[in-house]
Structure formats: C-alpha cells, structure tokens
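All remarks here apply to the structure that follows.
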Amino acid sequence: MKLNALVVYASNSGNTRMVAERIGERLREAGVDATVRDVFGMKPADLRGYSLVVFGSCTWLTMIDGKPLQAQLPEHMHRFAHSAEHTRLPGSRFAVFALGRHEYTGFAAAASHLRVLVHKLGGAELVQPLKIDGFPHHQLETVDVWADQAAANLKRDAAVAR
Ligand SMILES: Cc1cc2nc3c(=O)[nH]c(=O)nc-3n(C[C@H](O)[C@H](O)[C@H](O)COP(=O)(O)O)c2cc1C
C-alpha cells in the first residue's frame with residue numbers, strides 16, 4: 001500500500017504556506033502521496049486515513065478568551081486544534097513545523113501548541129519539530145532535509161509494521 005501524508009497549515013502572510021508546499025513536494029519526491037491543505041474550513045475528521053499528518057503554523061498575536069496573547073497559534077489553527085481535542089488517531093504518525101521570528105518572546109511557539117495537539121490526538125511524532133526563523137526563502141534546504149528525514153522514518157516504521 002502506498003504511504004500517504006496530509007500537510008495541514010495555517011499561514012497569515014504566506015511564509016508557512018510556502019514551507020508547507022515545499023514539504024508536500026519533497027514528500028512526493030520521496031514516493032509519499034502528499035496532499036497540502038489550508039486548515040481553514042477543515043474538520044477534525046479530515047485527518048483520518050493518512051499514514052502521516054504534518055501540522056505547520058506561523059506564530060502570532062492572537063485573541064484568546066478575549067485577551068491578546070503573544071506566542072500563539074493564529075486564530076484559525078487555534079480553533080481547529082480546539083475542535084480536534086476529542087479526536088483520537090492512535091495509529092497515526094505526526095510531524096510539526098512552525099515559523100516565527102527570534103525578535104519575539106516565544107520564538108516559534110506555535111510548535112509547542114501543535115505538539116500539545118499531537119499529544120491529544122494520541123499519535124507519535126516522527127521527527128523533532130522544525131522551526132524557521134524569519135523568511136523561509138533562503139532556508140528551503142533545511143526544510144528539504146527535515147522532510148526527507150520524516151519520509152525516511154515513515155518508511156522505516158511502515159517496514160517494521162509489515
Ligand atoms: C502580529 C504578529 C505577531 C507575531 N508574533 C510572533 C510570536 O509571538 N513569536 C514568533 O516567534 N513570531 C511571531 N511573529 C512572526 C511570524 O510568525 C513570522 O513572520 C512568520 O514567518 C509568519 O508566517 P506566515 O507568513 O505564514 O503568516 C509575529 C508576526 C506578526 C506580524
């Protein structure tokens with residue numbers, strides 16, 4: 001059976017979308033059938049049926065319970081994570097990436113929020129989170145290495161499970 005992956009991202013100004021699309025391309029080059037989707041409009045049930053789910057998000061200043069908080073997920077990813085709290089995907093594999101800027105307190109803290117979501121979903125992380133500081137355009141090699149590692153670990157786990 002061909003391995004498949006869903007890359008779910010939240011991006012306010014396009015950087016995270018660029019990284020998500022690059023990860024999708026790289027996974028496809030590694031032979032994984034990868035789909036890339038904006039989290040906007042997605043339902044938790046849409047996460048089912050994939051060998052690997054990759055979550056990626058920018059880090060933002062977000063209104064949470066009526067207060068503006070730094071170092072958060074943007075609102076649409078925050079809402080999705082909240083709605084998925086009671087979804088369980090125990091057999092799934094996950095990977096997380098986050099964008100941010102080191103000038104902010106809580107650099108790329110979106111990664112920590114996404115890891116909490118993965119923990120609640122009950123799956124296992126295939127690789128350490130990827131954190132991108134600033135514009136990703138000149139950091140695409142780092143993204144490629146990370147995506148290749150995720151694909152290799154996914155294949156390794158699939159071979160062991162056979
Ligand atoms: C209003 C605002 C708040 C931000 N807050 C944070 C933050 O708390 N921590 C951080 O590391 N980066 C923060 N950033 C930086 C963004 O995460 C970074 O620019 C990222 O590349 C944006 O990704 P996007 O283009 O996908 O939206 C903030 C940027 C803006 C404009």
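Residue numbering restarts at 1 for every chain of the structure tokens, chains are lettered A, B, ... in their displayed order, and ligands are numbered from 1 as they appear.
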Inset, instruction - Tell me, as an MDAnalysis selection string, which residues lie within 7 Å of Val53 of chain A, counting only C-alpha atoms; anything in the same chain fewer than 3 positions away does not count. - result: chainID A and resid 5:7 50 93:95
Inset, instruction - Within chain A, find each residue whose DSSP state, derived from the backbone, is strand (DSSP E or B), and express the selection as JSON, numbers by chain. - result: {"A": [4, 5, 6, 7, 8, 9, 10, 33, 34, 35, 36, 37, 38, 52, 53, 54, 55, 56, 57, 58, 60, 61, 62, 63, 64, 67, 68, 69, 70, 71, 72, 93, 94, 95, 96, 97, 98, 99, 100, 124, 125, 130, 131, 132, 133]}
Keeping only N, CA and C atoms, write the selected residues to a file as a compact mmCIF listing (two decimals), in the first residue's frame.
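In the end it all went to selection.txt:
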```txt
# COMPACT_ATOMS: atom_id res chain seq x y z
N ASN A 4 0.72 7.63 2.48
CA ASN A 4 0.17 8.95 2.15
C ASN A 4 0.34 9.92 3.32
N ALA A 5 0.30 11.19 2.98
CA ALA A 5 0.51 12.22 4.01
C ALA A 5 -0.40 13.40 3.74
N LEU A 6 -0.83 14.03 4.83
CA LEU A 6 -1.60 15.27 4.76
C LEU A 6 -0.80 16.35 5.46
N VAL A 7 -0.53 17.44 4.75
CA VAL A 7 0.18 18.58 5.34
C VAL A 7 -0.86 19.67 5.57
N VAL A 8 -1.13 19.99 6.83
CA VAL A 8 -2.15 20.97 7.21
C VAL A 8 -1.44 22.22 7.72
N TYR A 9 -1.74 23.37 7.15
CA TYR A 9 -1.01 24.57 7.56
C TYR A 9 -1.94 25.74 7.86
N ALA A 10 -1.42 26.67 8.66
CA ALA A 10 -2.09 27.96 8.89
C ALA A 10 -1.05 29.05 8.63
N ASP A 33 2.45 9.87 -1.12
CA ASP A 33 1.34 10.55 -1.78
C ASP A 33 0.87 11.69 -0.87
N ALA A 34 1.37 12.91 -1.09
CA ALA A 34 1.14 14.01 -0.14
C ALA A 34 0.12 15.02 -0.66
N THR A 35 -0.79 15.41 0.25
CA THR A 35 -1.79 16.44 -0.02
C THR A 35 -1.51 17.61 0.92
N VAL A 36 -1.59 18.82 0.42
CA VAL A 36 -1.35 20.01 1.25
C VAL A 36 -2.66 20.78 1.36
N ARG A 37 -3.07 21.10 2.60
CA ARG A 37 -4.35 21.80 2.79
C ARG A 37 -4.23 22.94 3.79
N ASP A 38 -4.88 24.05 3.49
CA ASP A 38 -5.05 25.14 4.45
C ASP A 38 -6.02 24.65 5.52
N LEU A 52 0.73 9.72 7.59
CA LEU A 52 1.43 10.82 8.26
C LEU A 52 0.60 12.09 8.16
N VAL A 53 0.46 12.79 9.30
CA VAL A 53 -0.16 14.12 9.30
C VAL A 53 0.91 15.12 9.75
N VAL A 54 1.16 16.13 8.91
CA VAL A 54 2.11 17.19 9.25
C VAL A 54 1.31 18.45 9.57
N PHE A 55 1.54 19.03 10.74
CA PHE A 55 0.91 20.30 11.09
C PHE A 55 1.96 21.40 11.03
N GLY A 56 1.61 22.51 10.37
CA GLY A 56 2.53 23.65 10.33
C GLY A 56 1.78 24.94 10.56
N SER A 57 2.43 25.86 11.28
CA SER A 57 1.75 27.11 11.58
C SER A 57 2.75 28.24 11.80
N CYS A 58 2.30 29.45 11.48
CA CYS A 58 3.03 30.63 11.91
C CYS A 58 2.71 30.86 13.40
N TRP A 60 1.77 33.76 16.24
CA TRP A 60 1.07 35.04 16.08
C TRP A 60 0.59 35.60 17.41
N LEU A 61 0.18 36.85 17.33
CA LEU A 61 -0.50 37.52 18.45
C LEU A 61 -2.00 37.26 18.26
N THR A 62 -2.63 36.54 19.17
CA THR A 62 -3.99 36.06 18.94
C THR A 62 -4.88 36.37 20.14
N MET A 63 -6.13 36.72 19.84
CA MET A 63 -7.11 36.94 20.92
C MET A 63 -7.54 35.57 21.45
N ILE A 64 -7.25 35.31 22.71
CA ILE A 64 -7.70 34.05 23.32
C ILE A 64 -8.52 34.41 24.55
N LYS A 67 -8.52 38.06 25.28
CA LYS A 67 -7.27 38.79 25.58
C LYS A 67 -6.25 38.58 24.46
N PRO A 68 -5.49 39.63 24.08
CA PRO A 68 -4.46 39.43 23.07
C PRO A 68 -3.24 38.75 23.70
N LEU A 69 -2.86 37.61 23.16
CA LEU A 69 -1.71 36.87 23.70
C LEU A 69 -0.66 36.65 22.63
N GLN A 70 0.61 36.87 23.01
CA GLN A 70 1.75 36.66 22.13
C GLN A 70 2.08 35.16 22.08
N ALA A 71 2.87 34.76 21.11
CA ALA A 71 3.39 33.39 21.04
C ALA A 71 2.29 32.32 20.93
N GLN A 72 1.29 32.61 20.09
CA GLN A 72 0.15 31.69 19.94
C GLN A 72 0.06 31.14 18.52
N ARG A 93 1.05 8.76 12.51
CA ARG A 93 2.34 9.40 12.72
C ARG A 93 2.17 10.90 12.45
N PHE A 94 2.95 11.71 13.17
CA PHE A 94 2.83 13.16 13.04
C PHE A 94 4.19 13.81 12.92
N ALA A 95 4.17 15.02 12.37
CA ALA A 95 5.36 15.89 12.37
C ALA A 95 4.85 17.32 12.45
N VAL A 96 5.64 18.18 13.07
CA VAL A 96 5.21 19.55 13.36
C VAL A 96 6.27 20.53 12.87
N PHE A 97 5.84 21.62 12.23
CA PHE A 97 6.78 22.71 11.94
C PHE A 97 6.14 24.05 12.27
N ALA A 98 6.99 25.02 12.60
CA ALA A 98 6.47 26.33 12.99
C ALA A 98 7.38 27.42 12.46
N LEU A 99 6.75 28.54 12.12
CA LEU A 99 7.51 29.72 11.72
C LEU A 99 7.38 30.80 12.78
N GLY A 100 8.42 31.60 12.89
CA GLY A 100 8.40 32.70 13.86
C GLY A 100 9.56 33.61 13.57
N ALA A 124 2.20 9.40 17.34
CA ALA A 124 3.64 9.52 17.63
C ALA A 124 4.28 10.49 16.66
N GLU A 125 5.23 11.29 17.16
CA GLU A 125 5.96 12.23 16.31
C GLU A 125 7.14 11.51 15.65
N LEU A 130 10.39 21.25 13.37
CA LEU A 130 11.21 22.16 12.56
C LEU A 130 10.77 23.58 12.89
N LYS A 131 11.75 24.46 13.20
CA LYS A 131 11.43 25.86 13.48
C LYS A 131 12.18 26.75 12.50
N ILE A 132 11.44 27.62 11.82
CA ILE A 132 12.03 28.51 10.82
C ILE A 132 11.98 29.94 11.35
N ASP A 133 13.13 30.59 11.37
CA ASP A 133 13.25 31.96 11.86
C ASP A 133 13.26 32.94 10.68
```
Inset, instruction - Would you mind listing the residues within 6 Å of ligand 1, counting only C-alpha atoms and all ligand atoms, as a PyMOL selection string? - result: chain A and resi 11-17+58-61+70-71+99-102+104-108+134-135
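Take the candidates A:Arg162, A:His119, A:Arg26, A:Lys2 and check each one against Thr142 of chain A using only C-alpha atoms; the shortest distance goes to A:Arg26.
Nearest residue to Arg79 of chain A among A:His113, A:Arg22, A:Arg48, A:Arg28 is A:His113, counting only C-alpha atoms.
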Inset, instruction - Choose the residue, out of A:Ala45, A:Trp146, A:Val127, A:Ala111, that has the smallest atom-to-atom separation from Gly24 of chain A; count only C-alpha atoms. - result: A:Trp146
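The two atoms in question, atom CA of Ala110 of chain A and atom CA of Gly91 of chain A, are spaced 23.6 Å apart.
Going from atom CA of Leu3 of chain A to atom CA of Ala151 of chain A covers 9.4 Å.
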Inset, instruction - Enter the distance from atom CA of Leu121 of chain A to atom CA of Ser92 of chain A, in Å, rounded to one decimal. - result: 8.7 Å
Inset, instruction - Just the residues within 8 Å of Asn153 of chain A, please, counting only C-alpha atoms, with nothing from its chain fewer than 4 positions along; format it as an MDAnalysis selection string. - result: chainID A and resid 126:127 149 157
Just to be explicit: take each residue in the selection above, keep N, CA and C atoms, and write the result as a PDB file, in the first residue's frame.
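part.pdb written:
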```pdb
ATOM      1  N   LEU A 126       7.268  11.695  14.357  1.00  0.00           N
ATOM      2  CA  LEU A 126       8.335  11.012  13.591  1.00  0.00           C
ATOM      3  C   LEU A 126       9.676  11.712  13.678  1.00  0.00           C
ATOM      4  N   VAL A 127       9.642  13.027  13.803  1.00  0.00           N
ATOM      5  CA  VAL A 127      10.874  13.836  13.833  1.00  0.00           C
ATOM      6  C   VAL A 127      10.689  14.965  14.839  1.00  0.00           C
ATOM      7  N   GLN A 149      13.894  13.422   6.190  1.00  0.00           N
ATOM      8  CA  GLN A 149      14.011  12.628   7.416  1.00  0.00           C
ATOM      9  C   GLN A 149      12.636  12.065   7.814  1.00  0.00           C
ATOM     10  N   ASP A 157       9.179   2.881   9.697  1.00  0.00           N
ATOM     11  CA  ASP A 157       8.110   2.391  10.578  1.00  0.00           C
ATOM     12  C   ASP A 157       7.148   1.468   9.824  1.00  0.00           C
TER      13      ASP A 157
END
```
